[in-house]
file my_file34.cif (mmCIF, C-alpha atoms)
data_my_file
#
loop_
_atom_site.label_atom_id
_atom_site.label_comp_id
_atom_site.auth_asym_id
_atom_site.auth_seq_id
_atom_site.Cartn_x
_atom_site.Cartn_y
_atom_site.Cartn_z
CA MET S 1 121.65 94.78 114.65
CA ILE S 2 118.59 96.73 113.48
CA HIS S 3 120.81 99.61 112.33
CA ALA S 4 123.18 97.39 110.32
CA PRO S 5 123.27 98.43 106.62
CA GLY S 6 121.83 95.10 105.49
CA PHE S 7 118.85 95.05 107.85
CA GLY S 8 116.31 96.78 105.61
CA LEU S 9 117.24 94.65 102.63
CA ALA S 10 117.04 91.42 104.62
CA LEU S 11 113.67 92.47 106.05
CA THR S 12 112.32 93.27 102.58
CA LEU S 13 113.49 89.98 101.04
CA LEU S 14 112.12 87.98 103.97
CA ALA S 15 108.76 89.76 103.86
CA TYR S 16 108.52 89.21 100.09
CA LEU S 17 109.43 85.51 100.27
CA GLY S 18 107.12 84.94 103.25
CA ALA S 19 104.22 86.77 101.61
CA GLY S 20 104.76 84.76 98.40
CA GLU S 21 104.68 81.48 100.32
CA LEU S 22 101.54 82.53 102.21
CA HIS S 23 99.90 83.56 98.93
CA ARG S 24 100.70 80.17 97.36
CA ARG S 25 99.36 78.21 100.34
CA LEU S 26 96.07 80.14 100.45
CA GLY S 27 95.39 79.38 96.78
CA ARG S 28 96.58 82.72 95.32
CA PRO S 29 93.80 85.10 96.40
CA ALA S 30 94.18 88.29 94.33
CA LEU S 31 93.54 90.62 97.28
CA LEU S 32 96.50 89.21 99.21
CA ALA S 33 99.00 90.06 96.46
CA PRO S 34 102.46 89.33 97.93
CA VAL S 35 103.68 92.84 97.20
CA LEU S 36 100.88 94.41 99.28
CA VAL S 37 101.31 92.04 102.23
CA ALA S 38 105.10 92.54 102.18
CA MET S 39 104.71 96.33 102.08
CA ILE S 40 102.45 96.31 105.13
CA VAL S 41 104.71 93.91 107.05
CA VAL S 42 107.81 96.02 106.34
CA SER S 43 106.01 99.25 107.33
CA VAL S 44 104.79 97.77 110.60
CA VAL S 45 108.23 96.38 111.50
CA LEU S 46 109.93 99.72 110.74
CA GLU S 47 107.36 101.52 112.87
CA LEU S 48 107.75 99.10 115.79
CA LEU S 49 111.55 99.28 115.73
CA GLY S 50 111.60 103.05 115.22
CA ILE S 51 113.62 102.95 111.99
CA SER S 52 113.14 106.03 109.79
CA TYR S 53 112.07 105.69 106.14
CA GLU S 54 115.29 107.44 105.05
CA GLU S 55 117.44 104.86 106.84
CA TYR S 56 115.38 102.02 105.33
CA LEU S 57 115.63 103.52 101.85
CA ALA S 58 119.44 103.69 102.11
CA SER S 59 119.52 100.00 103.00
CA VAL S 60 117.41 98.91 100.00
CA SER S 61 119.11 101.20 97.46
CA VAL S 62 120.16 98.14 95.45
CA LEU S 63 116.48 97.36 94.75
CA THR S 64 115.84 100.93 93.62
CA LEU S 65 118.89 100.64 91.35
CA LEU S 66 117.50 97.51 89.70
CA LEU S 67 114.39 99.38 88.49
CA GLY S 68 116.46 100.69 85.57
CA PRO S 69 117.62 97.35 84.12
CA ALA S 70 114.16 95.90 84.87
CA THR S 71 112.58 98.60 82.70
CA VAL S 72 115.00 97.81 79.86
CA ALA S 73 114.10 94.11 80.25
CA LEU S 74 110.43 94.90 79.47
CA ALA S 75 111.46 94.80 75.79
CA LEU S 76 111.54 90.98 75.95
CA PRO S 77 107.79 90.25 76.32
CA LEU S 78 107.20 92.64 73.44
CA LEU S 79 109.78 90.82 71.30
CA ARG S 80 108.16 87.46 72.13
CA SER S 81 104.71 88.48 70.94
CA GLY S 82 106.14 90.70 68.20
CA ARG S 83 104.92 88.68 65.21
CA ALA S 84 101.29 88.41 66.39
CA LEU S 85 101.25 92.12 67.21
CA LEU S 86 102.68 93.14 63.85
CA ALA S 87 100.08 91.07 62.03
CA ASP S 88 97.33 93.10 63.76
CA ARG S 89 99.26 96.34 64.14
CA LEU S 90 96.45 98.62 63.06
CA ALA S 91 93.95 97.13 65.54
CA VAL S 92 96.56 97.31 68.30
CA LEU S 93 97.51 100.90 67.52
CA VAL S 94 93.90 102.13 67.40
CA THR S 95 93.09 100.38 70.70
CA LEU S 96 96.20 101.85 72.31
CA LEU S 97 95.33 105.41 71.26
CA VAL S 98 91.60 105.24 72.07
CA THR S 99 92.14 103.62 75.46
CA GLY S 100 94.95 106.01 76.35
CA ALA S 101 92.76 109.01 75.53
CA VAL S 102 89.82 107.62 77.54
CA SER S 103 92.04 106.80 80.50
CA VAL S 104 93.74 110.19 80.67
CA GLY S 105 90.44 111.98 79.90
CA VAL S 106 88.53 110.30 82.71
CA THR S 107 91.33 110.90 85.22
CA VAL S 108 91.72 114.58 84.42
CA GLY S 109 87.96 115.10 84.00
CA ALA S 110 86.95 113.46 87.26
CA LEU S 111 89.63 115.16 89.35
CA THR S 112 89.03 118.60 87.85
CA ALA S 113 85.27 118.25 88.26
CA LEU S 114 85.68 117.24 91.89
CA GLY S 115 87.97 120.19 92.55
CA SER S 116 91.26 118.42 93.25
CA SER S 117 94.49 120.38 93.23
CA ASP S 118 96.84 120.26 90.26
CA SER S 119 99.40 118.26 92.21
CA VAL S 120 96.83 115.51 92.84
CA VAL S 121 96.06 115.39 89.10
CA LEU S 122 99.77 115.10 88.26
CA THR S 123 100.15 112.30 90.79
CA THR S 124 97.20 110.33 89.43
CA LEU S 125 98.24 110.52 85.77
CA PRO S 126 100.92 107.77 85.66
CA ARG S 127 98.54 105.37 87.41
CA SER S 128 98.04 102.88 84.59
CA VAL S 129 101.75 102.63 83.77
CA THR S 130 103.99 99.82 84.99
CA THR S 131 105.65 100.91 88.25
CA PRO S 132 109.31 101.35 87.20
CA VAL S 133 108.22 103.60 84.34
CA ALA S 134 105.53 105.30 86.45
CA LEU S 135 108.24 106.28 88.94
CA THR S 136 110.48 107.90 86.35
CA VAL S 137 107.59 109.51 84.47
CA GLY S 138 106.20 110.75 87.78
CA GLU S 139 109.54 112.35 88.57
CA THR S 140 109.65 113.96 85.13
CA ILE S 141 106.20 115.54 85.45
CA GLY S 142 106.60 116.54 89.09
CA ALA S 143 104.23 114.06 90.70
CA ASN S 144 104.33 112.88 94.29
CA THR S 145 106.08 109.62 93.37
CA THR S 146 105.34 107.60 96.50
CA LEU S 147 101.63 108.35 96.23
CA ALA S 148 101.77 107.62 92.50
CA VAL S 149 103.11 104.17 93.34
CA VAL S 150 100.16 103.40 95.63
CA LEU S 151 97.69 104.38 92.92
CA THR S 152 99.61 102.21 90.44
CA LEU S 153 99.41 99.27 92.84
CA VAL S 154 95.69 99.86 93.41
CA SER S 155 95.13 99.75 89.64
CA GLY S 156 97.11 96.53 89.45
CA VAL S 157 95.14 94.83 92.20
CA LEU S 158 91.85 96.04 90.70
CA GLY S 159 92.97 94.47 87.43
CA ALA S 160 93.82 91.17 89.08
CA THR S 161 90.55 91.01 91.02
CA VAL S 162 87.67 92.53 89.05
CA ALA S 163 89.00 92.80 85.47
CA PRO S 164 88.11 89.23 84.34
CA TRP S 165 84.62 89.62 85.80
CA LEU S 166 84.09 93.03 84.16
CA LEU S 167 85.29 91.73 80.78
CA ASP S 168 82.79 88.84 81.04
CA ARG S 169 79.99 91.37 81.64
CA VAL S 170 80.75 93.22 78.39
CA ARG S 171 81.28 89.91 76.51
CA VAL S 172 84.92 90.25 75.63
CA GLY S 173 85.90 86.60 75.16
CA ASP S 174 88.84 86.80 72.75
CA PRO S 175 91.93 85.96 74.88
CA ARG S 176 93.99 88.49 72.91
CA ALA S 177 91.55 91.33 73.62
CA ARG S 178 91.14 90.26 77.26
CA GLY S 179 94.90 90.15 77.83
CA PHE S 180 95.52 93.43 76.05
CA ALA S 181 92.80 95.24 78.00
CA ILE S 182 94.10 93.97 81.33
CA GLY S 183 97.70 94.93 80.48
CA MET S 184 96.62 98.41 79.37
CA VAL S 185 94.99 99.35 82.67
CA SER S 186 96.78 97.25 85.27
CA HIS S 187 100.33 96.55 84.01
CA GLY S 188 102.42 93.83 85.70
CA ILE S 189 100.06 92.75 88.47
CA GLY S 190 97.21 92.42 85.96
CA THR S 191 99.56 90.63 83.57
CA SER S 192 100.28 87.92 86.10
CA ARG S 193 96.51 87.40 86.37
CA ALA S 194 96.14 87.32 82.57
CA LEU S 195 98.91 84.71 82.41
CA ALA S 196 96.80 82.55 84.71
CA GLU S 197 94.00 82.65 82.09
CA SER S 198 96.19 81.59 79.16
CA ASP S 199 99.60 82.12 77.58
CA VAL S 200 98.01 84.08 74.76
CA ALA S 201 96.27 86.44 77.19
CA GLY S 202 99.51 86.80 79.17
CA GLY S 203 101.60 87.60 76.09
CA TRP S 204 99.14 90.23 74.86
CA SER S 205 98.87 91.64 78.37
CA SER S 206 102.61 92.18 78.76
CA ALA S 207 102.76 93.65 75.27
CA ALA S 208 99.95 96.08 76.17
CA MET S 209 101.75 96.98 79.40
CA VAL S 210 104.95 97.88 77.53
CA LEU S 211 103.20 99.71 74.68
CA ASN S 212 101.14 101.70 77.18
CA ALA S 213 104.28 102.57 79.13
CA LEU S 214 105.97 103.81 75.95
CA ALA S 215 102.93 105.81 74.86
CA MET S 216 102.39 107.37 78.29
CA THR S 217 106.07 108.28 78.61
CA VAL S 218 105.62 110.48 75.56
CA VAL S 219 102.07 111.74 76.23
CA LEU S 220 102.03 112.47 79.98
CA PRO S 221 104.74 115.17 80.04
CA VAL S 222 102.71 117.03 77.40
CA VAL S 223 99.42 116.66 79.32
CA ALA S 224 101.21 117.66 82.54
CA GLN S 225 102.25 120.98 81.01
CA ALA S 226 98.63 122.12 81.42
CA PHE S 227 98.84 121.70 85.20
CA HIS S 228 102.03 123.58 85.98
CA MET Z 229 115.29 76.02 63.95
CA LYS Z 230 118.37 76.31 66.16
CA PRO Z 231 117.79 78.11 69.47
CA PRO Z 232 119.45 81.55 69.50
CA ARG Z 233 122.92 81.49 71.01
CA GLY Z 234 123.46 82.83 74.50
CA TRP Z 235 126.74 83.46 76.30
CA PRO Z 236 129.71 81.08 75.95
CA GLU Z 237 129.83 78.53 78.76
CA HIS Z 238 132.74 80.06 80.69
CA VAL Z 239 130.99 83.45 81.07
CA PRO Z 240 128.81 83.93 84.21
CA ALA Z 241 125.58 84.50 82.28
CA VAL Z 242 123.53 86.34 84.93
CA LEU Z 243 126.26 88.89 85.64
CA ALA Z 244 127.06 89.43 81.97
CA ALA Z 245 123.35 89.89 81.18
CA LEU Z 246 122.92 92.36 84.04
CA ALA Z 247 125.92 94.33 82.82
CA LEU Z 248 124.40 94.40 79.35
CA LEU Z 249 121.04 95.67 80.71
CA LEU Z 250 122.81 98.37 82.74
CA GLY Z 251 124.84 99.28 79.67
CA LEU Z 252 121.63 99.74 77.65
CA GLN Z 253 120.15 101.89 80.41
CA LEU Z 254 123.26 104.09 80.53
CA LEU Z 255 123.32 104.35 76.75
CA GLY Z 256 119.69 105.50 76.96
CA THR Z 257 120.58 108.04 79.63
CA LEU Z 258 123.39 109.37 77.44
CA VAL Z 259 121.00 109.78 74.51
CA VAL Z 260 118.43 111.51 76.75
CA ASP Z 261 121.07 113.91 78.09
CA LEU Z 262 122.49 114.75 74.67
CA ALA Z 263 119.12 115.15 72.92
CA HIS Z 264 117.28 116.68 75.93
CA LEU Z 265 114.43 114.16 75.61
CA PRO Z 266 111.60 114.30 78.20
CA VAL Z 267 111.70 110.49 78.73
CA PRO Z 268 113.63 108.32 81.21
CA GLY Z 269 116.92 106.83 79.95
CA ALA Z 270 115.75 103.31 80.78
CA VAL Z 271 112.82 103.66 78.37
CA VAL Z 272 115.21 104.62 75.57
CA GLY Z 273 117.29 101.58 76.59
CA LEU Z 274 114.12 99.46 76.30
CA PHE Z 275 113.59 100.82 72.81
CA VAL Z 276 117.20 100.08 71.78
CA LEU Z 277 116.88 96.49 73.06
CA LEU Z 278 113.62 96.16 71.13
CA VAL Z 279 115.15 97.29 67.84
CA VAL Z 280 118.44 95.39 68.17
CA GLY Z 281 116.71 92.29 69.62
CA ALA Z 282 114.23 92.13 66.73
CA ARG Z 283 117.13 92.09 64.26
CA PHE Z 284 119.50 89.80 66.20
CA ARG Z 285 117.83 87.00 68.17
CA GLY Z 286 121.13 86.16 69.88
CA PHE Z 287 121.28 89.61 71.48
CA ALA Z 288 117.93 89.11 73.23
CA ALA Z 289 119.06 85.65 74.35
CA ARG Z 290 122.14 87.17 76.00
CA VAL Z 291 119.98 89.55 78.05
CA GLU Z 292 117.59 86.84 79.25
CA PRO Z 293 119.61 85.29 82.13
CA ALA Z 294 119.17 88.56 84.10
CA ALA Z 295 116.00 89.85 82.45
CA ASN Z 296 113.82 86.80 83.16
CA PRO Z 297 114.31 86.72 86.95
CA LEU Z 298 113.97 90.53 87.09
CA LEU Z 299 110.66 90.45 85.22
CA LYS Z 300 109.39 87.52 87.26
CA HIS Z 301 110.04 89.35 90.53
CA LEU Z 302 109.39 92.89 89.35
CA GLN Z 303 107.03 93.35 92.31
CA LEU Z 304 109.87 92.98 94.80
CA LEU Z 305 111.26 96.27 93.50
CA PHE Z 306 107.98 98.09 94.30
CA ILE Z 307 108.13 97.35 98.03
CA PRO Z 308 110.42 100.28 99.02
CA PRO Z 309 108.33 103.00 97.29
CA GLY Z 310 105.18 101.27 98.55
CA VAL Z 311 106.44 101.45 102.12
CA GLY Z 312 107.12 105.14 101.56
CA ALA Z 313 103.56 105.55 100.33
CA LEU Z 314 102.11 103.98 103.46
CA THR Z 315 103.77 106.77 105.40
CA GLN Z 316 101.78 109.26 103.28
CA LEU Z 317 98.36 107.82 104.01
CA SER Z 318 97.18 111.17 105.37
CA THR Z 319 97.60 112.78 101.93
CA ILE Z 320 95.51 110.02 100.40
CA ALA Z 321 92.82 110.34 103.07
CA GLN Z 322 92.47 114.07 102.35
CA SER Z 323 91.52 113.57 98.74
CA ALA Z 324 90.31 109.99 98.98
CA ALA Z 325 86.93 110.41 97.28
CA PRO Z 326 88.11 112.20 94.10
CA LEU Z 327 91.09 109.83 93.85
CA ALA Z 328 88.83 106.79 94.13
CA VAL Z 329 86.49 108.12 91.43
CA ALA Z 330 89.39 108.95 89.10
CA VAL Z 331 91.27 105.69 89.58
CA VAL Z 332 88.28 103.32 89.54
CA GLY Z 333 86.58 105.29 86.75
CA SER Z 334 89.56 105.41 84.40
CA PHE Z 335 90.37 101.79 85.26
CA ALA Z 336 86.89 100.44 84.47
CA LEU Z 337 86.28 102.58 81.38
CA GLY Z 338 89.79 101.98 80.04
CA LEU Z 339 89.44 98.22 80.51
CA VAL Z 340 86.05 97.99 78.81
CA VAL Z 341 87.02 100.29 75.93
CA ALA Z 342 90.29 98.42 75.27
CA GLY Z 343 88.62 95.01 75.37
CA VAL Z 344 85.61 95.89 73.24
CA VAL Z 345 87.52 97.94 70.64
CA LEU Z 346 90.30 95.40 70.13
CA GLN Z 347 87.89 92.45 69.95
CA LYS Z 348 85.79 94.26 67.33
CA LEU Z 349 88.86 95.15 65.25
CA LEU Z 350 90.38 91.67 65.45
CA ARG Z 351 87.07 90.04 64.50
CA ARG Z 352 86.55 92.29 61.50
CA LYS Z 353 89.91 91.16 60.16
CA VAL Z 354 89.02 87.47 60.43
CA VAL Z 355 85.78 88.02 58.50
CA SER Z 356 87.23 90.02 55.60
#
call {"tool": "encode", "arguments": {"input": "my_file34.cif", "output": "structure tokens"}}
result
Amino acid sequence: MIHAPGFGLALTLLAYLGAGELHRRLGRPALLAPVLVAMIVVSVVLELLGISYEEYLASVSVLTLLLGPATVALALPLLRSGRALLADRLAVLVTLLVTGAVSVGVTVGALTALGSSDSVVLTTLPRSVTTPVALTVGETIGANTTLAVVLTLVSGVLGATVAPWLLDRVRVGDPRARGFAIGMVSHGIGTSRALAESDVAGGWSSAAMVLNALAMTVVLPVVAQAFH
Amino acid sequence: MKPPRGWPEHVPAVLAALALLLGLQLLGTLVVDLAHLPVPGAVVGLFVLLVVGARFRGFAARVEPAANPLLKHLQLLFIPPGVGALTQLSTIAQSAAPLAVAVVGSFALGLVVAGVVLQKLLRRKVVS
């Protein structure tokens, strides 16, 4: 049974649904994000049953396939908050550019200063981008995509846990600015946290996530040239 | 205002919407291949949906039956690559310290800069 083609997919769906239910019952603690719990459960089960990652990956290929249409679907949150964004387009654009520069600058600066190899720098670059886009961008620039995904998830969980606290410390109270900031640095996982604050914060967060993904898709291949 | 029209009742909306999303992705891939763009086809598809959807509300409504559940459970799609990443923990451990500095540093600075800059700019507009 464990080598049936549907086993990996069934395991993944069950782990995701179970982790979601657990998360709901414990009062939605940010650290126990369902995606993290499910990932660990699936890894442990594969290890215990001696199923290789390649075999598992073949079984869940339908999920990998859905990343494409899911990326296209990211246009919808942007369309929904389109009018508010257009009204403040200059503020949004400046924030997007400044934050993008700071984010890429700190990543490259810190890793170069600490003597990391070029491949580590390439892998860390797509970190702030929503995962489906991070995966494709990572492939384009020659990053280690599986490691890039972990760093993306870490950013997301950081956003869901400490971002509201950090924004309080620097007195950012405007729900639009709070949402946008969270979406810029921690994409979908942060967006779900911003949605819990308010609809306005959630809308601006998903818009920031999509705009950042678009900007980074264009910028990162250029930055990556320097490390090849 | 009338709600934008979706699919006719006899069409299975989720399947039709999924086909439309895949079609947009493939169209994007075609454009990328022909123009040799350094971006993923799906991102071009996103852009096409954005432009067409802004002009025709009904088009966005026809994508929603598949797009909404996909966006709501986007995280499910990250489990397979995440599992792959757990198998690479040794690579992370090797360069753990620099990675932590880079990720936490760019996260915290990016967050604060984005929040402070946007709030300042939005406020200035209200005053003037």
call {"tool": "closest_residue", "arguments": {"input": "my_file34.cif", "among": "S:Phe7, S:Trp165, S:Phe227, S:Phe180", "to": "chain Z", "atoms": "all atoms listed in the file"}}
result
S:Phe180
call {"tool": "residues_around", "arguments": {"input": "my_file34.cif", "residues": "Ile307 in chain Z", "least_positions_apart": "5", "cutoff": "12 Å", "atoms": "all atoms listed in the file", "output": "count of residues only"}}
result
38
call {"tool": "closest_residue", "arguments": {"input": "my_file34.cif", "among": "S:Gly142, S:Pro164, S:Pro69, S:Gly20", "to": "chain Z", "atoms": "only C-alpha atoms"}}
result
S:Pro69
call {"tool": "interface_residues", "arguments": {"input": "my_file34.cif", "of": "chain Z", "to": "chain S", "cutoff": "6 Å", "atoms": "all atoms listed in the file", "output": "list in words"}}
result
Leu249, Leu250, Ala270, Gly273, Leu274, Leu278, Ala295, Leu298, Gln303, Leu305, Ile307, Pro309, Val311, Gly312, Ala313, Pro326, Ala330, Ser334, Phe335, Gly338, Leu339, Ala342, Gly343, Leu346, Gln347 and Leu349 of chain Z
call {"tool": "closest_residue", "arguments": {"input": "my_file34.cif", "among": "S:Leu26, S:Val200, S:Ala226, S:Ala58", "to": "Ala84 in chain S", "atoms": "only C-alpha atoms"}}
result
S:Val200
call {"tool": "closest_residue", "arguments": {"input": "my_file34.cif", "among": "Z:Arg352, Z:Leu255, Z:Leu317, Z:Val344", "to": "Phe275 in chain Z", "atoms": "all atoms listed in the file"}}
result
Z:Leu255
call {"tool": "atom_distance", "arguments": {"input": "my_file34.cif", "atom1": "CA of Asn296 in chain Z", "atom2": "CA of Gly203 in chain S"}}
result
14.1 Å
call {"tool": "resolve_selection", "arguments": {"input": "my_file34.cif", "expression": "the PyMOL selection byres ((chain Z and resi 293) around 10)", "output": "ChimeraX atom specification"}}
result
/Z:234-235,240-246,288-292,294-298
call {"tool": "atom_distance", "arguments": {"input": "my_file34.cif", "atom1": "CA of Val260 in chain Z", "atom2": "CA of Val272 in chain Z"}}
result
7.7 Å
call {"tool": "atom_distance", "arguments": {"input": "my_file34.cif", "atom1": "CA of Val332 in chain Z", "atom2": "CA of Ala160 in chain S"}}
result
13.4 Å
call {"tool": "residues_around", "arguments": {"input": "my_file34.cif", "residues": "Gly202 in chain S", "least_positions_apart": "5", "cutoff": "8 Å", "atoms": "all atoms listed in the file", "output": "ChimeraX atom specification"}}
result
/S:179,191-197
call {"tool": "write_last_selection", "arguments": {"input": "my_file34.cif", "atoms": "C-alpha atoms", "output": "tab-separated table (two decimals), in the frame of the given file"}}
result
chain	number	residue	atom	x	y	z
S	179	GLY	CA	94.90	90.15	77.83
S	191	THR	CA	99.56	90.63	83.57
S	192	SER	CA	100.28	87.92	86.10
S	193	ARG	CA	96.51	87.40	86.37
S	194	ALA	CA	96.14	87.32	82.57
S	195	LEU	CA	98.91	84.71	82.41
S	196	ALA	CA	96.80	82.55	84.71
S	197	GLU	CA	94.00	82.65	82.09
call {"tool": "decode", "arguments": {"input": "my_file34.cif", "residues": "range 81-90 of chain S", "atoms": "all heavy atoms", "output": "PDB file, in the first residue's frame"}}
result
ATOM      1  N   SER S  81      -7.914  45.323  -4.345  1.00  0.00           N
ATOM      2  CA  SER S  81      -7.512  46.552  -3.657  1.00  0.00           C
ATOM      3  C   SER S  81      -6.982  47.575  -4.661  1.00  0.00           C
ATOM      4  O   SER S  81      -6.343  48.544  -4.280  1.00  0.00           O
ATOM      5  CB  SER S  81      -6.471  46.234  -2.584  1.00  0.00           C
ATOM      6  OG  SER S  81      -5.517  45.333  -3.077  1.00  0.00           O
ATOM      7  N   GLY S  82      -7.282  47.339  -5.952  1.00  0.00           N
ATOM      8  CA  GLY S  82      -6.729  48.172  -7.013  1.00  0.00           C
ATOM      9  C   GLY S  82      -7.007  49.655  -6.864  1.00  0.00           C
ATOM     10  O   GLY S  82      -6.112  50.482  -7.028  1.00  0.00           O
ATOM     11  N   ARG S  83      -8.258  50.022  -6.515  1.00  0.00           N
ATOM     12  CA  ARG S  83      -8.613  51.431  -6.474  1.00  0.00           C
ATOM     13  C   ARG S  83      -7.846  52.178  -5.372  1.00  0.00           C
ATOM     14  O   ARG S  83      -7.292  53.252  -5.618  1.00  0.00           O
ATOM     15  CB  ARG S  83     -10.116  51.563  -6.248  1.00  0.00           C
ATOM     16  CG  ARG S  83     -10.636  52.936  -6.604  1.00  0.00           C
ATOM     17  CD  ARG S  83     -12.142  52.958  -6.643  1.00  0.00           C
ATOM     18  NE  ARG S  83     -12.692  52.164  -7.729  1.00  0.00           N
ATOM     19  CZ  ARG S  83     -13.994  51.907  -7.858  1.00  0.00           C
ATOM     20  NH1 ARG S  83     -14.844  52.364  -6.973  1.00  0.00           N
ATOM     21  NH2 ARG S  83     -14.427  51.185  -8.875  1.00  0.00           N
ATOM     22  N   ALA S  84      -7.792  51.563  -4.173  1.00  0.00           N
ATOM     23  CA  ALA S  84      -7.081  52.199  -3.057  1.00  0.00           C
ATOM     24  C   ALA S  84      -5.601  52.352  -3.389  1.00  0.00           C
ATOM     25  O   ALA S  84      -4.976  53.372  -3.085  1.00  0.00           O
ATOM     26  CB  ALA S  84      -7.259  51.369  -1.791  1.00  0.00           C
ATOM     27  N   LEU S  85      -5.040  51.337  -4.058  1.00  0.00           N
ATOM     28  CA  LEU S  85      -3.614  51.389  -4.404  1.00  0.00           C
ATOM     29  C   LEU S  85      -3.336  52.479  -5.428  1.00  0.00           C
ATOM     30  O   LEU S  85      -2.354  53.211  -5.328  1.00  0.00           O
ATOM     31  CB  LEU S  85      -3.164  50.047  -4.965  1.00  0.00           C
ATOM     32  CG  LEU S  85      -3.021  48.912  -3.964  1.00  0.00           C
ATOM     33  CD1 LEU S  85      -2.762  47.616  -4.692  1.00  0.00           C
ATOM     34  CD2 LEU S  85      -1.893  49.202  -2.996  1.00  0.00           C
ATOM     35  N   LEU S  86      -4.226  52.585  -6.424  1.00  0.00           N
ATOM     36  CA  LEU S  86      -4.022  53.582  -7.472  1.00  0.00           C
ATOM     37  C   LEU S  86      -4.090  54.991  -6.907  1.00  0.00           C
ATOM     38  O   LEU S  86      -3.344  55.877  -7.317  1.00  0.00           O
ATOM     39  CB  LEU S  86      -5.066  53.401  -8.579  1.00  0.00           C
ATOM     40  CG  LEU S  86      -4.709  52.382  -9.655  1.00  0.00           C
ATOM     41  CD1 LEU S  86      -5.821  52.280 -10.680  1.00  0.00           C
ATOM     42  CD2 LEU S  86      -3.400  52.751 -10.333  1.00  0.00           C
ATOM     43  N   ALA S  87      -4.983  55.178  -5.924  1.00  0.00           N
ATOM     44  CA  ALA S  87      -5.127  56.510  -5.326  1.00  0.00           C
ATOM     45  C   ALA S  87      -3.832  56.937  -4.644  1.00  0.00           C
ATOM     46  O   ALA S  87      -3.504  58.120  -4.586  1.00  0.00           O
ATOM     47  CB  ALA S  87      -6.278  56.500  -4.332  1.00  0.00           C
ATOM     48  N   ASP S  88      -3.070  55.971  -4.116  1.00  0.00           N
ATOM     49  CA  ASP S  88      -1.821  56.291  -3.417  1.00  0.00           C
ATOM     50  C   ASP S  88      -0.639  55.689  -4.150  1.00  0.00           C
ATOM     51  O   ASP S  88       0.327  55.229  -3.531  1.00  0.00           O
ATOM     52  CB  ASP S  88      -1.878  55.753  -1.983  1.00  0.00           C
ATOM     53  CG  ASP S  88      -2.862  56.543  -1.140  1.00  0.00           C
ATOM     54  OD1 ASP S  88      -2.727  57.766  -1.097  1.00  0.00           O
ATOM     55  OD2 ASP S  88      -3.771  55.927  -0.552  1.00  0.00           O
ATOM     56  N   ARG S  89      -0.693  55.688  -5.489  1.00  0.00           N
ATOM     57  CA  ARG S  89       0.308  54.916  -6.242  1.00  0.00           C
ATOM     58  C   ARG S  89       1.738  55.378  -6.010  1.00  0.00           C
ATOM     59  O   ARG S  89       2.647  54.574  -5.948  1.00  0.00           O
ATOM     60  CB  ARG S  89      -0.026  54.904  -7.727  1.00  0.00           C
ATOM     61  CG  ARG S  89      -0.167  56.274  -8.365  1.00  0.00           C
ATOM     62  CD  ARG S  89      -0.632  56.119  -9.818  1.00  0.00           C
ATOM     63  NE  ARG S  89      -0.911  57.399 -10.412  1.00  0.00           N
ATOM     64  CZ  ARG S  89      -2.070  58.043 -10.257  1.00  0.00           C
ATOM     65  NH1 ARG S  89      -3.023  57.499  -9.524  1.00  0.00           N
ATOM     66  NH2 ARG S  89      -2.264  59.212 -10.810  1.00  0.00           N
ATOM     67  N   LEU S  90       1.922  56.675  -5.824  1.00  0.00           N
ATOM     68  CA  LEU S  90       3.284  57.168  -5.647  1.00  0.00           C
ATOM     69  C   LEU S  90       3.871  56.652  -4.328  1.00  0.00           C
ATOM     70  O   LEU S  90       5.002  56.152  -4.289  1.00  0.00           O
ATOM     71  CB  LEU S  90       3.298  58.702  -5.676  1.00  0.00           C
ATOM     72  CG  LEU S  90       4.693  59.291  -5.859  1.00  0.00           C
ATOM     73  CD1 LEU S  90       5.267  58.898  -7.208  1.00  0.00           C
ATOM     74  CD2 LEU S  90       4.666  60.811  -5.725  1.00  0.00           C
TER      75      LEU S  90
END
